[in-house]
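**Student:** Here you go, this is protein.tsv (TSV, C-alpha atoms).
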chain	number	residue	atom	x	y	z
I	296	MET	CA	41.55	26.00	46.18
I	297	HIS	CA	39.06	23.22	45.43
I	298	GLU	CA	37.04	24.48	48.43
I	299	TRP	CA	35.69	27.27	46.16
I	300	SER	CA	34.04	24.72	43.87
I	301	VAL	CA	32.44	22.98	46.84
I	302	ALA	CA	31.22	26.30	48.27
I	303	TYR	CA	29.78	27.26	44.90
I	304	SER	CA	27.92	23.94	44.69
I	305	VAL	CA	26.20	24.73	48.01
I	306	VAL	CA	25.24	28.26	46.92
I	307	LYS	CA	23.94	26.89	43.62
I	308	THR	CA	21.89	24.17	45.33
I	309	LEU	CA	20.27	26.72	47.64
I	310	THR	CA	19.45	29.23	44.92
I	311	GLU	CA	18.01	26.51	42.66
I	312	ASN	CA	15.83	24.94	45.36
I	313	PHE	CA	14.71	27.74	47.67
I	314	ASN	CA	12.95	31.04	47.16
I	315	LYS	CA	12.89	32.15	50.80
I	316	LYS	CA	15.97	33.59	52.44
I	317	VAL	CA	18.20	30.86	53.84
I	318	LEU	CA	19.55	31.46	57.35
I	319	LYS	CA	21.55	28.33	57.94
I	320	VAL	CA	22.73	25.39	55.89
I	321	THR	CA	24.45	22.26	57.13
I	322	LEU	CA	26.79	20.55	54.72
I	323	VAL	CA	28.13	17.08	55.39
I	324	ILE	CA	31.52	16.26	53.87
I	325	PRO	CA	33.60	13.10	53.95
I	326	GLN	CA	36.59	13.22	56.25
I	327	PHE	CA	39.07	11.87	53.73
I	328	SER	CA	38.57	14.74	51.31
I	329	PHE	CA	40.46	16.88	53.89
I	330	LEU	CA	38.76	20.09	52.85
I	331	ASP	CA	39.98	23.19	54.65
I	332	ILE	CA	36.84	24.22	56.58
I	333	ASP	CA	37.98	27.82	57.15
I	334	LEU	CA	38.69	28.24	53.45
I	335	LEU	CA	35.36	26.58	52.58
I	336	LYS	CA	33.48	29.03	54.83
I	337	GLU	CA	35.45	31.98	53.49
I	338	ALA	CA	34.57	30.99	49.93
I	339	PHE	CA	30.92	30.45	50.86
I	340	ASN	CA	30.72	33.87	52.55
I	341	GLU	CA	32.10	35.47	49.42
I	342	LEU	CA	29.91	33.59	46.93
I	343	LYS	CA	26.66	33.86	48.92
I	344	LYS	CA	26.56	37.64	48.31
I	345	GLU	CA	25.57	37.03	44.69
I	346	ASN	CA	22.00	36.05	45.53
I	347	PRO	CA	19.35	37.39	47.98
I	348	VAL	CA	18.39	33.79	48.89
I	349	THR	CA	21.87	33.06	50.25
I	350	GLU	CA	23.22	36.46	51.30
I	351	ASN	CA	22.39	35.96	55.00
I	352	ALA	CA	23.12	32.26	55.15
I	353	GLU	CA	25.53	30.76	57.62
I	354	LEU	CA	27.38	27.63	56.55
I	355	GLN	CA	27.82	24.85	59.06
I	356	VAL	CA	29.96	21.89	58.21
I	357	ARG	CA	29.72	18.40	59.63
I	358	ILE	CA	32.54	16.03	58.89
I	359	ALA	CA	31.37	12.46	58.51
I	360	GLU	CA	33.67	9.58	59.21
I	361	PRO	CA	32.88	6.89	56.69
I	362	ILE	CA	32.63	3.21	57.52
I	363	PHE	CA	34.10	1.05	54.79
I	364	LYS	CA	32.97	-2.41	53.84
I	365	CYS	CA	34.84	-4.83	51.63
I	366	ARG	CA	32.57	-6.58	49.15
I	367	ASN	CA	35.12	-9.33	48.71
I	368	CYS	CA	35.75	-10.50	52.29
I	369	GLY	CA	32.76	-8.78	53.89
I	370	ARG	CA	34.75	-7.11	56.69
I	371	GLU	CA	34.21	-3.54	57.81
I	372	PHE	CA	36.97	-1.07	58.53
I	373	ARG	CA	37.42	2.58	59.43
I	374	LEU	CA	39.44	5.46	58.13
I	375	SER	CA	42.10	4.90	60.80
I	376	ASP	CA	42.69	1.41	59.33
I	377	VAL	CA	43.67	2.89	55.97
I	378	GLU	CA	45.37	6.05	57.25
I	379	LYS	CA	48.75	5.02	55.93
I	380	GLN	CA	47.29	4.40	52.46
I	381	ILE	CA	45.69	7.86	52.45
I	382	ASN	CA	48.90	9.51	53.62
I	383	ASP	CA	50.82	7.76	50.86
I	384	VAL	CA	48.40	9.15	48.24
I	385	ARG	CA	48.68	12.63	49.76
I	386	SER	CA	52.45	12.60	49.85
I	387	SER	CA	52.86	11.28	46.31
I	388	TYR	CA	50.45	13.78	44.72
I	389	GLY	CA	50.75	16.94	46.82
I	390	GLU	CA	48.08	19.50	47.73
I	391	GLU	CA	45.50	18.82	45.01
I	392	TYR	CA	45.63	15.06	45.44
I	393	PRO	CA	42.97	12.89	43.77
I	394	LEU	CA	40.89	12.08	46.87
I	395	HIS	CA	40.72	15.75	47.81
I	396	LEU	CA	39.44	16.75	44.36
I	397	MET	CA	37.28	13.69	43.78
I	398	PRO	CA	36.49	11.69	46.92
I	399	GLU	CA	34.52	9.18	44.84
I	400	LEU	CA	37.83	7.87	43.49
I	401	PHE	CA	38.51	6.19	46.85
I	402	PRO	CA	38.21	2.55	45.67
I	403	ALA	CA	40.89	3.21	43.05
I	404	PHE	CA	43.37	4.31	45.72
I	405	LEU	CA	42.34	2.47	48.87
I	406	LYS	CA	42.14	-1.24	49.44
I	407	CYS	CA	40.76	-3.51	52.10
I	408	PRO	CA	43.36	-3.80	54.90
I	409	TYR	CA	42.39	-7.47	55.39
I	410	CYS	CA	42.26	-8.99	51.90
I	411	GLY	CA	43.66	-6.26	49.62
I	412	SER	CA	40.57	-5.96	47.40
I	413	HIS	CA	39.66	-2.64	45.79
I	414	ASP	CA	36.01	-3.65	45.72
I	415	ILE	CA	35.13	-1.51	48.71
I	416	GLU	CA	32.17	0.66	49.54
I	417	ALA	CA	31.84	3.44	52.07
I	418	LYS	CA	28.80	4.43	54.05
I	419	GLY	CA	28.68	8.14	54.77
I	420	GLN	CA	31.23	9.34	52.29
I	421	GLU	CA	28.89	11.34	50.06
I	422	MET	CA	28.79	15.10	50.31
I	423	TYR	CA	25.25	16.29	50.94
I	424	ILE	CA	23.20	19.08	52.45
I	425	GLU	CA	21.74	17.74	55.67
I	426	ASN	CA	19.36	20.55	56.50
I	427	VAL	CA	18.46	24.09	55.66
I	428	VAL	CA	16.87	26.71	57.93
I	429	VAL	CA	14.88	29.33	56.04
I	430	GLU	CA	13.62	32.76	57.07
I	431	ASP	CA	10.29	31.82	58.69
I	432	GLY	CA	12.13	29.37	60.93
I	433	ALA	CA	11.18	26.19	59.10
I	434	VAL	CA	13.81	23.50	58.99
I	435	ALA	CA	13.87	21.67	55.72
I	436	ARG	CA	15.43	18.26	56.11
I	437	THR	CA	16.93	17.57	52.77
I	438	SER	CA	18.41	14.14	53.09
O	214	MET	CA	20.04	17.37	48.15
O	215	GLU	CA	23.05	16.65	46.04
O	216	PRO	CA	25.25	19.74	45.58
O	217	LEU	CA	27.42	17.75	43.20
O	218	ARG	CA	24.59	17.09	40.79
O	219	GLU	CA	23.29	20.68	40.96
O	220	LEU	CA	26.73	22.03	40.21
O	221	ALA	CA	27.29	19.60	37.31
O	222	LYS	CA	23.95	20.61	35.79
O	223	ASP	CA	24.80	24.27	36.22
O	224	LYS	CA	28.15	23.86	34.46
O	225	LEU	CA	26.41	22.50	31.34
O	226	LYS	CA	23.52	24.96	31.31
O	227	GLY	CA	23.21	26.90	28.05
O	228	LYS	CA	25.98	24.93	26.31
O	229	LYS	CA	25.70	22.97	23.09
O	230	VAL	CA	26.47	19.45	24.24
O	231	VAL	CA	27.58	16.63	21.94
O	232	ALA	CA	28.13	13.10	23.26
O	233	VAL	CA	30.29	10.77	21.18
O	234	MET	CA	29.32	7.21	22.01
O	235	SER	CA	29.22	3.62	20.85
O	236	ALA	CA	28.06	0.35	22.29
O	237	LYS	CA	31.24	-1.20	20.87
O	238	GLY	CA	34.84	-0.54	21.89
O	239	GLY	CA	37.71	0.24	19.54
O	240	VAL	CA	35.66	1.93	16.82
O	241	GLY	CA	37.38	5.31	17.07
O	242	LYS	CA	35.23	7.33	19.47
O	243	SER	CA	38.14	9.20	21.01
O	244	VAL	CA	39.79	10.07	17.69
O	245	ILE	CA	36.44	11.32	16.38
O	246	SER	CA	35.76	13.27	19.60
O	247	ALA	CA	39.16	14.92	19.24
O	248	LEU	CA	38.85	15.74	15.53
O	249	LEU	CA	35.26	16.91	15.94
O	250	SER	CA	36.25	19.24	18.80
O	251	LEU	CA	39.12	20.66	16.75
O	252	SER	CA	36.73	21.21	13.80
O	253	LEU	CA	33.95	23.06	15.63
O	254	PRO	CA	33.66	26.76	14.84
O	255	SER	CA	33.96	28.00	18.42
O	256	THR	CA	35.41	27.21	21.84
O	257	VAL	CA	35.02	23.63	23.02
O	258	THR	CA	35.51	21.81	26.31
O	259	LEU	CA	36.33	18.20	25.54
O	260	ILE	CA	35.60	15.98	28.53
O	261	ASP	CA	36.99	12.48	28.55
O	262	LEU	CA	34.41	10.36	30.36
O	263	ASP	CA	36.23	7.16	29.49
O	264	ILE	CA	37.84	7.22	32.88
O	265	HIS	CA	39.50	3.83	32.45
O	266	THR	CA	41.44	4.41	29.22
O	267	MET	CA	41.74	8.23	29.31
O	268	ALA	CA	42.55	8.13	25.58
O	269	ILE	CA	41.98	11.85	24.95
O	270	ALA	CA	45.01	12.81	27.02
O	271	LYS	CA	47.09	10.28	25.08
O	272	LEU	CA	45.85	11.53	21.69
O	273	PHE	CA	46.80	15.12	22.51
O	274	GLY	CA	50.04	14.09	24.22
O	275	VAL	CA	49.18	15.55	27.62
O	276	GLU	CA	48.86	12.40	29.72
O	277	ASN	CA	51.45	13.53	32.23
O	278	LYS	CA	50.33	17.13	32.41
O	279	GLU	CA	48.77	18.06	35.73
O	280	LEU	CA	45.53	20.04	35.73
O	281	GLU	CA	45.58	23.40	37.49
O	282	VAL	CA	42.93	24.13	40.12
O	283	ASP	CA	41.79	27.64	40.95
O	284	LYS	CA	38.70	29.37	42.37
O	285	GLU	CA	36.68	28.50	39.28
O	286	GLY	CA	37.60	24.82	39.50
O	287	ILE	CA	39.81	22.48	37.53
O	288	GLN	CA	41.16	24.42	34.55
O	289	PRO	CA	41.10	22.61	31.21
O	290	ILE	CA	44.34	22.20	29.28
O	291	LYS	CA	44.03	24.61	26.35
O	292	ILE	CA	45.04	23.39	22.89
O	293	LYS	CA	43.89	25.55	19.97
O	294	ASN	CA	40.10	26.06	20.37
O	295	VAL	CA	39.80	23.07	22.71
O	296	GLY	CA	40.03	22.82	26.51
O	297	LEU	CA	40.74	19.27	27.67
O	298	ILE	CA	39.40	17.76	30.85
O	299	SER	CA	40.56	14.27	31.66
O	300	LEU	CA	40.92	12.25	34.79
O	301	ALA	CA	44.48	11.66	33.56
O	302	GLY	CA	45.29	15.19	34.74
O	303	ILE	CA	44.23	14.22	38.26
O	304	VAL	CA	45.37	10.63	38.71
O	305	ARG	CA	48.19	10.95	36.13
O	306	ASP	CA	49.60	7.79	34.56
O	307	ARG	CA	47.87	5.26	36.79
O	308	TYR	CA	45.10	2.69	36.56
O	309	VAL	CA	41.58	3.66	37.64
O	310	LEU	CA	39.40	0.76	38.67
O	311	LEU	CA	36.04	1.63	40.18
O	312	PRO	CA	32.79	-0.04	41.22
O	313	GLY	CA	29.75	1.17	39.22
O	314	LYS	CA	28.31	3.68	41.67
O	315	ASN	CA	31.66	5.39	42.17
O	316	GLN	CA	32.12	5.51	38.42
O	317	SER	CA	28.90	7.52	37.97
O	318	ASN	CA	29.82	9.86	40.79
O	319	VAL	CA	33.36	10.42	39.50
O	320	MET	CA	31.83	11.43	36.15
O	321	LYS	CA	29.61	13.94	37.95
O	322	GLU	CA	32.61	15.22	39.93
O	323	LEU	CA	34.61	15.65	36.73
O	324	VAL	CA	31.88	17.85	35.23
O	325	ALA	CA	30.94	19.67	38.45
O	326	TYR	CA	34.43	20.64	39.56
O	327	SER	CA	35.76	21.78	36.17
O	328	ALA	CA	35.76	25.33	34.84
O	329	ILE	CA	33.61	25.01	31.70
O	330	LYS	CA	33.33	28.30	29.85
O	331	SER	CA	33.13	27.26	26.21
O	332	ASP	CA	30.20	27.40	23.77
O	333	TYR	CA	30.40	23.67	23.07
O	334	VAL	CA	30.98	20.70	25.33
O	335	VAL	CA	31.99	17.41	23.71
O	336	PHE	CA	31.90	14.23	25.80
O	337	ASP	CA	33.97	11.23	24.82
O	338	LEU	CA	32.12	8.32	26.39
O	339	PRO	CA	33.44	4.87	27.22
O	340	PRO	CA	32.09	1.96	25.16
O	341	GLY	CA	28.92	0.19	26.16
O	342	LEU	CA	25.49	0.92	27.45
O	343	GLY	CA	26.06	1.89	31.03
O	344	ASP	CA	26.16	4.46	33.79
O	345	GLU	CA	27.77	7.14	31.68
O	346	ILE	CA	24.72	7.50	29.40
O	347	LEU	CA	22.37	7.59	32.39
O	348	VAL	CA	24.54	10.18	34.14
O	349	LEU	CA	24.63	12.38	31.06
O	350	GLU	CA	20.85	12.16	30.67
O	351	GLU	CA	20.54	13.22	34.29
O	352	LEU	CA	22.70	16.29	33.75
O	353	THR	CA	21.76	17.73	30.37
O	354	ASP	CA	20.15	17.41	26.97
O	355	PHE	CA	22.71	16.31	24.38
O	356	LYS	CA	23.17	15.47	20.75
O	357	PRO	CA	24.29	11.84	20.42
O	358	VAL	CA	26.95	11.00	17.85
O	359	VAL	CA	27.04	7.24	17.51
O	360	VAL	CA	30.23	5.74	16.12
O	361	THR	CA	30.52	2.33	14.47
O	362	THR	CA	32.65	0.56	11.88
O	363	PRO	CA	31.05	-1.22	8.91
O	364	SER	CA	31.74	-4.60	10.56
O	365	LYS	CA	28.63	-6.70	11.18
O	366	VAL	CA	29.53	-7.28	14.83
O	367	SER	CA	29.84	-3.58	15.50
O	368	LEU	CA	26.64	-2.71	13.62
O	369	LYS	CA	24.65	-5.30	15.52
O	370	VAL	CA	25.77	-4.00	18.91
O	371	VAL	CA	25.41	-0.35	17.92
O	372	ASN	CA	21.81	-1.02	16.92
O	373	TYR	CA	20.99	-1.69	20.58
O	374	LEU	CA	22.27	1.78	21.41
O	375	LEU	CA	20.30	3.33	18.55
O	376	ASP	CA	17.14	1.58	19.78
O	377	TYR	CA	17.70	2.95	23.26
O	378	LEU	CA	18.31	6.50	22.02
O	379	LYS	CA	15.20	6.30	19.85
O	380	GLU	CA	13.15	5.23	22.85
O	381	ARG	CA	14.49	8.29	24.71
O	382	GLY	CA	13.44	10.59	21.87
O	383	LYS	CA	16.98	11.44	20.76
O	384	LYS	CA	18.08	11.88	17.16
O	385	PRO	CA	21.59	10.50	16.84
O	386	THR	CA	24.02	11.16	14.00
O	387	VAL	CA	25.63	7.87	12.94
O	388	ILE	CA	29.28	8.03	11.94
O	389	VAL	CA	30.69	4.97	10.17
O	390	ASN	CA	34.40	5.07	10.86
O	391	MET	CA	37.05	3.27	8.77
O	392	SER	CA	34.49	2.67	6.03
O	393	TYR	CA	36.65	3.07	2.87
O	394	PHE	CA	39.96	4.15	1.40
O	395	ASN	CA	40.57	5.86	-1.88
O	396	CYS	CA	42.53	3.86	-4.44
O	397	GLY	CA	42.87	5.97	-7.55
O	398	ASN	CA	39.31	6.91	-8.45
O	399	GLU	CA	37.84	3.94	-6.65
O	400	LYS	CA	36.52	3.68	-3.09
O	401	VAL	CA	37.66	0.38	-1.57
O	402	LYS	CA	35.53	-0.88	1.32
O	403	PRO	CA	37.55	-3.58	3.11
O	404	PHE	CA	35.27	-4.05	6.15
O	405	GLY	CA	31.83	-4.08	4.50
O	406	ASP	CA	29.43	-1.57	3.07
O	407	TYR	CA	27.20	0.40	5.38
O	408	GLN	CA	25.90	3.90	4.84
O	409	GLY	CA	25.70	6.10	7.92
O	410	ASP	CA	24.97	9.82	8.16
O	411	ILE	CA	28.70	10.38	7.79
O	412	ASN	CA	31.15	7.81	6.39
O	413	LEU	CA	34.78	8.44	7.28
O	414	PRO	CA	37.73	7.15	5.28
O	415	ILE	CA	40.69	5.10	6.48
O	416	ASP	CA	43.85	7.19	6.67
O	417	PRO	CA	46.94	5.19	7.67
O	418	THR	CA	48.86	8.42	8.35
O	419	LEU	CA	46.51	9.21	11.26
O	420	GLU	CA	48.49	6.82	13.48
O	421	ASP	CA	51.51	9.12	13.15
O	422	TYR	CA	49.52	11.84	14.89
O	423	ILE	CA	48.75	9.94	18.10
O	424	GLY	CA	50.18	12.25	20.76
O	425	ARG	CA	49.78	15.31	18.51
O	426	ILE	CA	46.29	14.89	17.06
O	427	GLN	CA	45.93	18.69	17.09
O	428	GLU	CA	48.35	18.83	14.12
O	429	TYR	CA	46.42	16.36	11.95
O	430	GLU	CA	44.76	17.95	8.90
O	431	GLY	CA	44.29	14.80	6.78
O	432	GLU	CA	41.40	13.12	5.00
O	433	VAL	CA	39.40	12.00	8.08
O	434	LYS	CA	39.26	15.51	9.53
O	435	LYS	CA	38.46	16.97	6.11
O	436	VAL	CA	35.40	14.72	5.62
O	437	LEU	CA	34.27	15.32	9.20
O	438	ARG	CA	34.55	19.07	8.75
O	439	GLU	CA	32.55	18.96	5.49
O	440	ASN	CA	29.75	17.19	7.35
O	441	LEU	CA	29.63	19.26	10.53
O	442	ASP	CA	26.11	20.44	9.74
O	443	LYS	CA	24.88	16.89	10.29
O	444	ILE	CA	26.07	17.11	13.91
O	445	VAL	CA	25.61	20.69	15.10
Would you kindly transcribe this structure into structure tokens?
**Tutor:**
Amino acid sequence: MHEWSVAYSVVKTLTENFNKKVLKVTLVIPQFSFLDIDLLKEAFNELKKENPVTENAELQVRIAEPIFKCRNCGREFRLSDVEKQINDVRSSYGEEYPLHLMPELFPAFLKCPYCGSHDIEAKGQEMYIENVVVEDGAVARTS
Amino acid sequence: MEPLRELAKDKLKGKKVVAVMSAKGGVGKSVISALLSLSLPSTVTLIDLDIHTMAIAKLFGVENKELEVDKEGIQPIKIKNVGLISLAGIVRDRYVLLPGKNQSNVMKELVAYSAIKSDYVVFDLPPGLGDEILVLEELTDFKPVVVTTPSKVSLKVVNYLLDYLKERGKKPTVIVNMSYFNCGNEKVKPFGDYQGDINLPIDPTLEDYIGRIQEYEGEVKKVLRENLDKIV
């Protein structure tokens, strides 16, 4: 259900920042938020009708796999290294689990697989709009 | 482009926003945020930005209540005229320890992904001069309510915050909490004498209402209600 909020944030960003009709928008989302892409697109296609800027827009989604770095021991690790930790959070909280609703909470729930520190950062975990194609064919790189 | 930030700004657009803050901890920000929200004349969304203590949920006795999520976002927990949004409804009874950048973004997520439909939005901020004030400035214009006690230590620290707000062109309302108690016809001031815009009394019975603050109708709420025009 949270996918509707994410879809609305994309529609809102487009209507606030563009006055030409948008044809295509590429949204990058972090893998560990486990958003349902079909539901996200369905919500976007419903919400885009509200505004002429977005009514013809197609939503593309790119899922980014973050690379984590521990600030304590300096080692890097990937999502697959903390898969069990993520699954534990998912199974103890259910469908609307904290990392799905608020991916930025990840350091509170995940820890470095090498030293156990929660002082971790992730490159490529932010949700952002990567590019937007508007009516006259221009591609606006937005990141 | 940051969809998160755009959405958070949109959620606060057209609302009357009050931010209850202090540079010092333990001065009563959360109790005042709660009583202020319950005293306002219309609907209020009370957002607990103190993501480490999550005191609002504890004051209202909803710390184990899960927030519902629907198409409009995270639905506040409705109590009287107030809708509560707290991270406690998402992480439940668990510690939240976050590096600075994540802290700012979690605050934005909390605002952006919530269904905010009230006339007023009250933010209960964590103590200190930090990310939360910068985040709020990024998202909306707000009326600062600065809370202190009459203690010299608190006043000294709170002055830094007042200097900052002044530099930013804001006009804060200063609430001096725990400033006196009534003893017969006399006002006793055990912690020092300092006149703010609003001076709140000490009411020992308030402690009995932790977990059901919505039922409290005592002296502190009465004085706060009489002075609402100094805030909104």
**Student:** Centre and edge lengths, as lines of an AutoDock Vina configuration file, for the axis-aligned box enclosing every listed atom of region 326-337 of chain I with 6 Å of padding on each of the six sides, in Å to one decimal?
**Tutor:**
center_x = 37.0
center_y = 21.9
center_z = 54.2
size_x = 19.0
size_y = 32.1
size_z = 17.8
**Student:** Please report, as a tab-separated table, each residue of chain I lying at most 6 Å from chain O, together with the nearest pair of atoms and the separation in Å rounded to one decimal; use only C-alpha atoms, and order rows by chain and ascending residue number.
**Tutor:**
residue	atom	partner	partner_atom	distance
I:Met296	CA	O:Asp283	CA	5.5
I:Trp299	CA	O:Lys284	CA	5.3
I:Ser300	CA	O:Gly286	CA	5.6
I:Ser304	CA	O:Leu220	CA	5.0
I:Val305	CA	O:Pro216	CA	5.6
I:Thr308	CA	O:Pro216	CA	5.6
I:Pro393	CA	O:Ile303	CA	5.8
I:Glu399	CA	O:Asn315	CA	5.4
I:Pro402	CA	O:Leu311	CA	6.0
I:Ala403	CA	O:Leu310	CA	5.2
I:Tyr423	CA	O:Glu215	CA	5.4
I:Ile424	CA	O:Met214	CA	5.6
I:Thr437	CA	O:Met214	CA	5.6
**Student:** Report as a list in words all protein, DNA and RNA residues lying within 12 Å of Cys368 (chain I), evaluated on all atoms listed in the file, omitting residues in the same chain fewer than 2 positions from it.
**Tutor:**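 Once the nearby chain positions are removed, what remains is Phe363, Lys364, Cys365, Arg366, Arg370, Glu371, Phe372, Lys406, Cys407, Pro408, Tyr409, Cys410, Gly411, Ser412, His413, Asp414 and Ile415 of chain I.
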**Student:** At a cut-off of 12 Å, using all atoms listed in the file, what residues contact region 393-407 of chain O? Leave out same-chain residues fewer than 6 positions from it and give the result as a PDB file with C-alpha atoms, keeping the file's coordinate frame.
**Tutor:**
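For reference, part_21.pdb as written:
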ATOM      1  CA  THR O 361      30.520   2.330  14.470  1.00  0.00           C
ATOM      2  CA  THR O 362      32.650   0.560  11.880  1.00  0.00           C
ATOM      3  CA  PRO O 363      31.050  -1.220   8.910  1.00  0.00           C
ATOM      4  CA  SER O 364      31.740  -4.600  10.560  1.00  0.00           C
ATOM      5  CA  LYS O 365      28.630  -6.700  11.180  1.00  0.00           C
ATOM      6  CA  VAL O 366      29.530  -7.280  14.830  1.00  0.00           C
ATOM      7  CA  SER O 367      29.840  -3.580  15.500  1.00  0.00           C
ATOM      8  CA  LEU O 368      26.640  -2.710  13.620  1.00  0.00           C
ATOM      9  CA  LYS O 369      24.650  -5.300  15.520  1.00  0.00           C
ATOM     10  CA  VAL O 387      25.630   7.870  12.940  1.00  0.00           C
ATOM     11  CA  LEU O 413      34.780   8.440   7.280  1.00  0.00           C
ATOM     12  CA  PRO O 414      37.730   7.150   5.280  1.00  0.00           C
ATOM     13  CA  ILE O 415      40.690   5.100   6.480  1.00  0.00           C
ATOM     14  CA  ASP O 416      43.850   7.190   6.670  1.00  0.00           C
ATOM     15  CA  PRO O 417      46.940   5.190   7.670  1.00  0.00           C
ATOM     16  CA  GLU O 432      41.400  13.120   5.000  1.00  0.00           C
ATOM     17  CA  VAL O 433      39.400  12.000   8.080  1.00  0.00           C
TER      18      VAL O 433
END
**Student:** I need the residue nearest Asn346 (chain I) from this list: I:Glu378, I:Lys315, I:Val429, I:Val384. Use all atoms listed in the file for the distance.
**Tutor:** I:Lys315
**Student:** Kindly give the distance, in Å, that separates CA of Asn277 (chain O) and CA of Asp421 (chain O), rounded to a single decimal.
**Tutor:**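 Answer for the CA of Asn277 (chain O) to CA of Asp421 (chain O) separation: 19.6 Å.
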**Student:** What's the separation between CA of Leu334 (chain I) and CA of Leu322 (chain I), in Å to one decimal place?
**Tutor:**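 Going from CA of Leu334 (chain I) over to CA of Leu322 (chain I) covers 14.2 Å.
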**Student:** In Å, rounded to a single decimal, give me how far CA of Ala301 (chain O) is from CA of Ser255 (chain O).
**Tutor:** 24.6 Å
**Student:** Considering all atoms listed in the file, can you say which of I:Arg373, I:Glu311, I:Gln420, I:Val428 comes closest to Ile324 (chain I)?
**Tutor:**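 Under the stated criterion, the closest residue is I:Gln420.
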**Student:** In terms of the shortest atom-to-atom distance over only C-alpha atoms, which of I:Leu330, I:Leu318, I:Ala302, I:Val323 is closest to Pro361 (chain I)?
**Tutor:**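 Result for the nearest residue to Pro361 (chain I): I:Val323.
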**Student:** Can you tell me, as a PDB file with C-alpha atoms, keeping the file's coordinate frame, what residues are no more than 9 Å from Tyr333 (chain O) when counting only C-alpha atoms, ignoring any on the same chain fewer than 2 positions away?
**Tutor:**
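Output contents, as saved in around-v7.pdb:
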ATOM      1  CA  LYS O 228      25.980  24.930  26.310  1.00  0.00           C
ATOM      2  CA  LYS O 229      25.700  22.970  23.090  1.00  0.00           C
ATOM      3  CA  VAL O 230      26.470  19.450  24.240  1.00  0.00           C
ATOM      4  CA  VAL O 231      27.580  16.630  21.940  1.00  0.00           C
ATOM      5  CA  SER O 250      36.250  19.240  18.800  1.00  0.00           C
ATOM      6  CA  LEU O 253      33.950  23.060  15.630  1.00  0.00           C
ATOM      7  CA  SER O 255      33.960  28.000  18.420  1.00  0.00           C
ATOM      8  CA  THR O 256      35.410  27.210  21.840  1.00  0.00           C
ATOM      9  CA  VAL O 257      35.020  23.630  23.020  1.00  0.00           C
ATOM     10  CA  THR O 258      35.510  21.810  26.310  1.00  0.00           C
ATOM     11  CA  LEU O 259      36.330  18.200  25.540  1.00  0.00           C
ATOM     12  CA  LYS O 330      33.330  28.300  29.850  1.00  0.00           C
ATOM     13  CA  SER O 331      33.130  27.260  26.210  1.00  0.00           C
ATOM     14  CA  VAL O 335      31.990  17.410  23.710  1.00  0.00           C
TER      15      VAL O 335
END
**Student:** From the set O:Thr418, O:Ser299, O:Asn440, O:Thr386, which residue has the shortest atom-to-atom contact distance to Ile264 (chain O), counting only C-alpha atoms?
**Tutor:**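 Among O:Thr418, O:Ser299, O:Asn440, O:Thr386, it is O:Ser299 that comes nearest to Ile264 (chain O).
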**Student:** Quick one: everything within 8 Å of region 372-383 of chain O, counting all atoms listed in the file, minus sequence neighbours fewer than 2 positions away in the same chain. Send it as an MDAnalysis selection string.
**Tutor:** chainID O and resid 235:236 342 356:357 359 368:370 385
